[in-house]
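Asker: The file below is target_30.txt, compact mmCIF, N, CA and C atoms:
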```txt
# COMPACT_ATOMS: atom_id res chain seq x y z
N MET A 206 -1.22 -5.99 -9.10
CA MET A 206 -2.37 -5.33 -8.54
C MET A 206 -1.98 -4.79 -7.17
N VAL A 207 -2.64 -3.69 -6.76
CA VAL A 207 -2.22 -3.00 -5.54
C VAL A 207 -3.43 -2.69 -4.64
N PRO A 208 -3.86 -3.66 -3.85
CA PRO A 208 -4.90 -3.38 -2.86
C PRO A 208 -4.26 -2.92 -1.55
N PRO A 209 -4.97 -2.15 -0.72
CA PRO A 209 -4.39 -1.73 0.55
C PRO A 209 -4.17 -2.89 1.50
N ARG A 210 -5.01 -3.94 1.41
CA ARG A 210 -4.88 -5.15 2.22
C ARG A 210 -5.16 -6.34 1.32
N HIS A 211 -4.61 -7.49 1.68
CA HIS A 211 -4.85 -8.69 0.87
C HIS A 211 -4.77 -9.92 1.77
N GLY A 212 -5.70 -10.86 1.56
CA GLY A 212 -5.68 -12.11 2.29
C GLY A 212 -7.02 -12.81 2.17
N SER A 213 -7.00 -14.14 2.18
CA SER A 213 -8.23 -14.91 1.98
C SER A 213 -9.20 -14.76 3.15
N ASP A 214 -8.73 -14.35 4.33
CA ASP A 214 -9.62 -14.23 5.48
C ASP A 214 -10.06 -12.79 5.75
N LEU A 215 -9.74 -11.86 4.87
CA LEU A 215 -10.15 -10.46 5.05
C LEU A 215 -11.56 -10.24 4.54
N VAL A 216 -12.28 -9.38 5.23
CA VAL A 216 -13.60 -8.97 4.78
C VAL A 216 -13.46 -7.56 4.23
N GLY A 217 -13.73 -7.40 2.97
CA GLY A 217 -13.64 -6.08 2.35
C GLY A 217 -14.03 -6.20 0.89
N GLY A 218 -14.99 -5.42 0.46
CA GLY A 218 -15.49 -5.53 -0.90
C GLY A 218 -14.43 -5.31 -1.96
N ALA A 219 -13.68 -4.22 -1.85
CA ALA A 219 -12.66 -3.91 -2.85
C ALA A 219 -11.56 -4.96 -2.85
N GLU A 220 -11.13 -5.36 -1.65
CA GLU A 220 -10.07 -6.35 -1.54
C GLU A 220 -10.51 -7.70 -2.12
N ASN A 221 -11.73 -8.12 -1.81
CA ASN A 221 -12.25 -9.39 -2.34
C ASN A 221 -12.42 -9.35 -3.85
N HIS A 222 -12.90 -8.23 -4.36
CA HIS A 222 -13.09 -8.09 -5.81
C HIS A 222 -11.74 -8.15 -6.53
N LEU A 223 -10.76 -7.43 -6.01
CA LEU A 223 -9.44 -7.44 -6.64
C LEU A 223 -8.81 -8.83 -6.58
N ALA A 224 -8.99 -9.55 -5.45
CA ALA A 224 -8.47 -10.90 -5.34
C ALA A 224 -9.11 -11.82 -6.37
N ALA A 225 -10.43 -11.67 -6.58
CA ALA A 225 -11.12 -12.48 -7.59
C ALA A 225 -10.58 -12.18 -8.99
N LEU A 226 -10.33 -10.91 -9.29
CA LEU A 226 -9.75 -10.54 -10.58
C LEU A 226 -8.35 -11.13 -10.74
N ALA A 227 -7.56 -11.08 -9.68
CA ALA A 227 -6.20 -11.61 -9.72
C ALA A 227 -6.22 -13.11 -9.98
N HIS A 228 -7.09 -13.84 -9.29
CA HIS A 228 -7.18 -15.29 -9.49
C HIS A 228 -7.69 -15.63 -10.88
N HIS A 229 -8.62 -14.85 -11.38
CA HIS A 229 -9.14 -15.07 -12.73
C HIS A 229 -8.03 -14.87 -13.76
N ALA A 230 -7.26 -13.80 -13.61
CA ALA A 230 -6.15 -13.54 -14.54
C ALA A 230 -5.11 -14.66 -14.46
N ALA A 231 -4.80 -15.09 -13.24
CA ALA A 231 -3.80 -16.14 -13.07
C ALA A 231 -4.28 -17.46 -13.68
N SER A 232 -5.57 -17.74 -13.57
CA SER A 232 -6.10 -18.98 -14.16
C SER A 232 -6.07 -18.93 -15.69
N GLY A 233 -5.99 -17.73 -16.24
CA GLY A 233 -5.89 -17.56 -17.69
C GLY A 233 -4.45 -17.53 -18.18
N GLY A 234 -3.50 -17.81 -17.30
CA GLY A 234 -2.11 -17.86 -17.70
C GLY A 234 -1.30 -16.60 -17.45
N TRP A 235 -1.92 -15.55 -16.92
CA TRP A 235 -1.21 -14.31 -16.63
C TRP A 235 -0.37 -14.48 -15.36
N SER A 236 0.77 -13.83 -15.34
CA SER A 236 1.58 -13.76 -14.13
C SER A 236 1.06 -12.58 -13.31
N VAL A 237 0.61 -12.87 -12.10
CA VAL A 237 -0.01 -11.83 -11.27
C VAL A 237 0.78 -11.64 -9.99
N ASP A 238 1.15 -10.40 -9.70
CA ASP A 238 1.79 -10.05 -8.43
C ASP A 238 0.86 -9.10 -7.69
N ILE A 239 0.84 -9.24 -6.37
CA ILE A 239 0.06 -8.35 -5.51
C ILE A 239 1.05 -7.55 -4.66
N ALA A 240 0.94 -6.23 -4.70
CA ALA A 240 1.72 -5.37 -3.81
C ALA A 240 0.73 -4.80 -2.79
N THR A 241 0.98 -5.07 -1.52
CA THR A 241 0.03 -4.69 -0.48
C THR A 241 0.77 -4.37 0.81
N THR A 242 0.02 -4.09 1.85
CA THR A 242 0.61 -3.76 3.13
C THR A 242 0.61 -4.97 4.07
N CYS A 243 1.22 -4.79 5.21
CA CYS A 243 1.23 -5.81 6.26
C CYS A 243 0.02 -5.67 7.18
N ALA A 244 -0.86 -4.71 6.90
CA ALA A 244 -2.04 -4.47 7.74
C ALA A 244 -3.18 -5.42 7.37
N VAL A 245 -3.97 -5.80 8.36
CA VAL A 245 -5.17 -6.59 8.10
C VAL A 245 -6.42 -5.90 8.62
N ASP A 246 -6.27 -4.99 9.56
CA ASP A 246 -7.39 -4.29 10.18
C ASP A 246 -7.40 -2.84 9.70
N ASN A 247 -8.44 -2.47 8.98
CA ASN A 247 -8.47 -1.12 8.42
C ASN A 247 -8.78 -0.05 9.47
N GLU A 248 -9.16 -0.44 10.68
CA GLU A 248 -9.38 0.53 11.75
C GLU A 248 -8.09 0.85 12.50
N ARG A 249 -7.35 -0.18 12.90
CA ARG A 249 -6.09 0.03 13.63
C ARG A 249 -4.94 0.37 12.70
N TRP A 250 -4.96 -0.17 11.50
CA TRP A 250 -3.93 0.06 10.48
C TRP A 250 -2.53 -0.15 11.04
N ALA A 251 -2.33 -1.36 11.58
CA ALA A 251 -1.03 -1.73 12.16
C ALA A 251 -0.46 -2.92 11.41
N ASN A 252 0.83 -3.08 11.47
CA ASN A 252 1.49 -4.22 10.83
C ASN A 252 1.13 -5.50 11.59
N ALA A 253 0.44 -6.40 10.93
CA ALA A 253 0.02 -7.66 11.54
C ALA A 253 0.65 -8.87 10.84
N LEU A 254 1.06 -8.69 9.61
CA LEU A 254 1.67 -9.76 8.83
C LEU A 254 3.13 -9.40 8.55
N PRO A 255 3.97 -10.40 8.33
CA PRO A 255 5.39 -10.11 8.09
C PRO A 255 5.62 -9.45 6.73
N GLU A 256 6.59 -8.56 6.71
CA GLU A 256 6.99 -7.88 5.48
C GLU A 256 7.75 -8.88 4.61
N GLY A 257 7.64 -8.74 3.30
CA GLY A 257 8.39 -9.60 2.40
C GLY A 257 7.51 -10.22 1.33
N GLU A 258 8.05 -11.23 0.66
CA GLU A 258 7.38 -11.87 -0.48
C GLU A 258 6.96 -13.29 -0.11
N THR A 259 5.72 -13.63 -0.46
CA THR A 259 5.20 -14.98 -0.23
C THR A 259 4.36 -15.39 -1.43
N MET A 260 4.06 -16.68 -1.51
CA MET A 260 3.10 -17.19 -2.47
C MET A 260 1.84 -17.53 -1.69
N GLU A 261 0.71 -16.96 -2.10
CA GLU A 261 -0.56 -17.19 -1.43
C GLU A 261 -1.61 -17.53 -2.46
N ASP A 262 -2.14 -18.73 -2.38
CA ASP A 262 -3.18 -19.18 -3.31
C ASP A 262 -2.76 -19.00 -4.76
N GLY A 263 -1.49 -19.27 -5.06
CA GLY A 263 -0.99 -19.18 -6.42
C GLY A 263 -0.61 -17.79 -6.89
N LEU A 264 -0.68 -16.81 -6.02
CA LEU A 264 -0.31 -15.43 -6.37
C LEU A 264 0.93 -15.02 -5.58
N ARG A 265 1.84 -14.31 -6.23
CA ARG A 265 3.02 -13.77 -5.54
C ARG A 265 2.58 -12.48 -4.84
N VAL A 266 2.77 -12.44 -3.52
CA VAL A 266 2.34 -11.30 -2.72
C VAL A 266 3.57 -10.62 -2.11
N HIS A 267 3.68 -9.32 -2.34
CA HIS A 267 4.76 -8.50 -1.80
C HIS A 267 4.13 -7.61 -0.73
N ARG A 268 4.53 -7.80 0.52
CA ARG A 268 3.97 -7.00 1.62
C ARG A 268 4.98 -5.96 2.10
N PHE A 269 4.44 -4.76 2.36
CA PHE A 269 5.24 -3.63 2.82
C PHE A 269 4.68 -3.12 4.14
N ALA A 270 5.58 -2.76 5.05
CA ALA A 270 5.17 -2.26 6.36
C ALA A 270 4.46 -0.91 6.23
N VAL A 271 3.54 -0.66 7.14
CA VAL A 271 2.83 0.62 7.19
C VAL A 271 3.38 1.46 8.34
N SER A 272 3.23 2.76 8.22
CA SER A 272 3.57 3.67 9.30
C SER A 272 2.38 3.74 10.25
N PRO A 273 2.61 4.18 11.48
CA PRO A 273 1.49 4.32 12.40
C PRO A 273 0.42 5.24 11.82
N ARG A 274 -0.83 4.90 12.08
CA ARG A 274 -1.96 5.69 11.57
C ARG A 274 -1.99 7.06 12.23
N ASP A 275 -2.17 8.09 11.42
CA ASP A 275 -2.31 9.46 11.90
C ASP A 275 -3.80 9.70 12.16
N GLU A 276 -4.20 9.57 13.42
CA GLU A 276 -5.62 9.67 13.77
C GLU A 276 -6.23 11.01 13.38
N LEU A 277 -5.50 12.11 13.47
CA LEU A 277 -6.04 13.41 13.10
C LEU A 277 -6.41 13.47 11.62
N ARG A 278 -5.66 12.80 10.77
CA ARG A 278 -5.92 12.83 9.33
C ARG A 278 -7.04 11.85 8.93
N HIS A 279 -7.36 10.87 9.81
CA HIS A 279 -8.33 9.84 9.43
C HIS A 279 -9.63 9.89 10.23
N ARG A 280 -9.91 11.00 10.87
CA ARG A 280 -11.19 11.14 11.57
C ARG A 280 -12.31 11.32 10.57
N ASP A 281 -13.51 10.92 10.98
CA ASP A 281 -14.64 11.11 10.05
C ASP A 281 -15.19 12.48 10.07
```
Kindly present the structure from the file in structure tokens form.
Answerer:
Amino acid sequence: MVPPRHGSDLVGGAENHLAALAHHAASGGWSVDIATTCAVDNERWANALPEGETMEDGLRVHRFAVSPRDELRHRD
């Protein structure tokens, strides 16, 4: 599964929903991997977590670094 951010302490509807789906699949015997970014704040969009592979709550999580946010492209 590929959410833009992942973590048990994140607040985000899509991220929380995908995490619930991932845990449900894993509890059914599926092997679940999460590919996500090192960002935790969707406003600053900066690397806050280390890049690499970890096990989090029974899921294998692969984190990838983000590039600096292009403010001109992300204005409302």
Asker: Atom C of Gly234 (chain A) and atom C of Asp262 (chain A) are how many Å apart?
Answerer: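 Answer for the atom C of Gly234 (chain A) to atom C of Asp262 (chain A) separation: 13.0 Å.
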Asker: Where does DSSP see helix (DSSP H, G or I) in chain A, if you list the residues as an mmCIF file with N, CA and C atoms, keeping the file's coordinate frame?
Answerer:
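Written file, selection39.cif:
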```cif
data_model
loop_
_atom_site.group_PDB
_atom_site.id
_atom_site.type_symbol
_atom_site.label_atom_id
_atom_site.label_comp_id
_atom_site.auth_asym_id
_atom_site.auth_seq_id
_atom_site.Cartn_x
_atom_site.Cartn_y
_atom_site.Cartn_z
ATOM 1 N N GLY A 218 -14.990 -5.420 0.460
ATOM 2 C CA GLY A 218 -15.490 -5.530 -0.900
ATOM 3 C C GLY A 218 -14.430 -5.310 -1.960
ATOM 4 N N ALA A 219 -13.680 -4.220 -1.850
ATOM 5 C CA ALA A 219 -12.660 -3.910 -2.850
ATOM 6 C C ALA A 219 -11.560 -4.960 -2.850
ATOM 7 N N GLU A 220 -11.130 -5.360 -1.650
ATOM 8 C CA GLU A 220 -10.070 -6.350 -1.540
ATOM 9 C C GLU A 220 -10.510 -7.700 -2.120
ATOM 10 N N ASN A 221 -11.730 -8.120 -1.810
ATOM 11 C CA ASN A 221 -12.250 -9.390 -2.340
ATOM 12 C C ASN A 221 -12.420 -9.350 -3.850
ATOM 13 N N HIS A 222 -12.900 -8.230 -4.360
ATOM 14 C CA HIS A 222 -13.090 -8.090 -5.810
ATOM 15 C C HIS A 222 -11.740 -8.150 -6.530
ATOM 16 N N LEU A 223 -10.760 -7.430 -6.010
ATOM 17 C CA LEU A 223 -9.440 -7.440 -6.640
ATOM 18 C C LEU A 223 -8.810 -8.830 -6.580
ATOM 19 N N ALA A 224 -8.990 -9.550 -5.450
ATOM 20 C CA ALA A 224 -8.470 -10.900 -5.340
ATOM 21 C C ALA A 224 -9.110 -11.820 -6.370
ATOM 22 N N ALA A 225 -10.430 -11.670 -6.580
ATOM 23 C CA ALA A 225 -11.120 -12.480 -7.590
ATOM 24 C C ALA A 225 -10.580 -12.180 -8.990
ATOM 25 N N LEU A 226 -10.330 -10.910 -9.290
ATOM 26 C CA LEU A 226 -9.750 -10.540 -10.580
ATOM 27 C C LEU A 226 -8.350 -11.130 -10.740
ATOM 28 N N ALA A 227 -7.560 -11.080 -9.680
ATOM 29 C CA ALA A 227 -6.200 -11.610 -9.720
ATOM 30 C C ALA A 227 -6.220 -13.110 -9.980
ATOM 31 N N HIS A 228 -7.090 -13.840 -9.290
ATOM 32 C CA HIS A 228 -7.180 -15.290 -9.490
ATOM 33 C C HIS A 228 -7.690 -15.630 -10.880
ATOM 34 N N HIS A 229 -8.620 -14.850 -11.380
ATOM 35 C CA HIS A 229 -9.140 -15.070 -12.730
ATOM 36 C C HIS A 229 -8.030 -14.870 -13.760
ATOM 37 N N ALA A 230 -7.260 -13.800 -13.610
ATOM 38 C CA ALA A 230 -6.150 -13.540 -14.540
ATOM 39 C C ALA A 230 -5.110 -14.660 -14.460
ATOM 40 N N ALA A 231 -4.800 -15.090 -13.240
ATOM 41 C CA ALA A 231 -3.800 -16.140 -13.070
ATOM 42 C C ALA A 231 -4.280 -17.460 -13.680
ATOM 43 N N SER A 232 -5.570 -17.740 -13.570
ATOM 44 C CA SER A 232 -6.100 -18.980 -14.160
ATOM 45 C C SER A 232 -6.070 -18.930 -15.690
#
```
Asker: Excluding region 245-257 of chain A and residues on its chain fewer than 6 positions from it, collect all residues at most 8 Å away from it, counting only C-alpha atoms, and give them as a PDB file with N, CA and C atoms, in the coordinates of the input.
Answerer:
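Final output, out30.pdb:
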```pdb
ATOM      1  N   ARG A 210      -5.010  -3.940   1.410  1.00  0.00           N
ATOM      2  CA  ARG A 210      -4.880  -5.150   2.220  1.00  0.00           C
ATOM      3  C   ARG A 210      -5.160  -6.340   1.320  1.00  0.00           C
ATOM      4  N   HIS A 211      -4.610  -7.490   1.680  1.00  0.00           N
ATOM      5  CA  HIS A 211      -4.850  -8.690   0.870  1.00  0.00           C
ATOM      6  C   HIS A 211      -4.770  -9.920   1.770  1.00  0.00           C
ATOM      7  N   LEU A 215      -9.740 -11.860   4.870  1.00  0.00           N
ATOM      8  CA  LEU A 215     -10.150 -10.460   5.050  1.00  0.00           C
ATOM      9  C   LEU A 215     -11.560 -10.240   4.540  1.00  0.00           C
ATOM     10  N   HIS A 267       3.680  -9.320  -2.340  1.00  0.00           N
ATOM     11  CA  HIS A 267       4.760  -8.500  -1.800  1.00  0.00           C
ATOM     12  C   HIS A 267       4.130  -7.610  -0.730  1.00  0.00           C
ATOM     13  N   ARG A 268       4.530  -7.800   0.520  1.00  0.00           N
ATOM     14  CA  ARG A 268       3.970  -7.000   1.620  1.00  0.00           C
ATOM     15  C   ARG A 268       4.980  -5.960   2.100  1.00  0.00           C
ATOM     16  N   PHE A 269       4.440  -4.760   2.360  1.00  0.00           N
ATOM     17  CA  PHE A 269       5.240  -3.630   2.820  1.00  0.00           C
ATOM     18  C   PHE A 269       4.680  -3.120   4.140  1.00  0.00           C
ATOM     19  N   ALA A 270       5.580  -2.760   5.050  1.00  0.00           N
ATOM     20  CA  ALA A 270       5.170  -2.260   6.360  1.00  0.00           C
ATOM     21  C   ALA A 270       4.460  -0.910   6.230  1.00  0.00           C
ATOM     22  N   VAL A 271       3.540  -0.660   7.140  1.00  0.00           N
ATOM     23  CA  VAL A 271       2.830   0.620   7.190  1.00  0.00           C
ATOM     24  C   VAL A 271       3.380   1.460   8.340  1.00  0.00           C
ATOM     25  N   SER A 272       3.230   2.760   8.220  1.00  0.00           N
ATOM     26  CA  SER A 272       3.570   3.670   9.300  1.00  0.00           C
ATOM     27  C   SER A 272       2.380   3.740  10.250  1.00  0.00           C
ATOM     28  N   PRO A 273       2.610   4.180  11.480  1.00  0.00           N
ATOM     29  CA  PRO A 273       1.490   4.320  12.400  1.00  0.00           C
ATOM     30  C   PRO A 273       0.420   5.240  11.820  1.00  0.00           C
ATOM     31  N   ARG A 274      -0.830   4.900  12.080  1.00  0.00           N
ATOM     32  CA  ARG A 274      -1.960   5.690  11.570  1.00  0.00           C
ATOM     33  C   ARG A 274      -1.990   7.060  12.230  1.00  0.00           C
TER      34      ARG A 274
END
```
Asker: To one decimal place in Å, what is the distance between atom N of Leu277 (chain A) and atom N of Ala224 (chain A)?
Answerer: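 That distance, rounded to one decimal, is 29.0 Å.
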Asker: Mind giving me the straight-line distance from CA of His279 (chain A) to atom N of Glu258 (chain A) in Å, one decimal?
Answerer: 28.1 Å
Asker: Please extract the residues of chain A with a backbone DSSP assignment of strand (DSSP E or B) and present them as a list of chain:residue names.
Answerer: A:Asp238, A:Ile239, A:Ala240, A:Thr241, A:Thr242, A:Ala244, A:Asn252, A:Gly257, A:Glu258, A:Thr259, A:Met260, A:Glu261, A:Leu264, A:Arg265, A:Val266, A:His267, A:Arg268, A:Phe269
Asker: Could you check which of A:Leu226, A:Leu264, A:Thr259, A:Ala240 is closest to Pro208 (chain A), using only N, CA and C atoms?
Answerer: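 So, comparing all the options, the nearest one is A:Ala240.
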Asker: Could you check which of A:Asp275, A:Leu223, A:Pro209, A:Val266 is closest to Asp238 (chain A), using all atoms listed in the file?
Answerer: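 The shortest atom-to-atom distance to Asp238 (chain A) comes from A:Val266.
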Asker: Which is closer to His228 (chain A) than all the others in A:Cys243, A:Val216, A:Gly263, A:Glu276, using all atoms listed in the file?
Answerer: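 Ranking A:Cys243, A:Val216, A:Gly263, A:Glu276 by distance to His228 (chain A), first place goes to A:Gly263.
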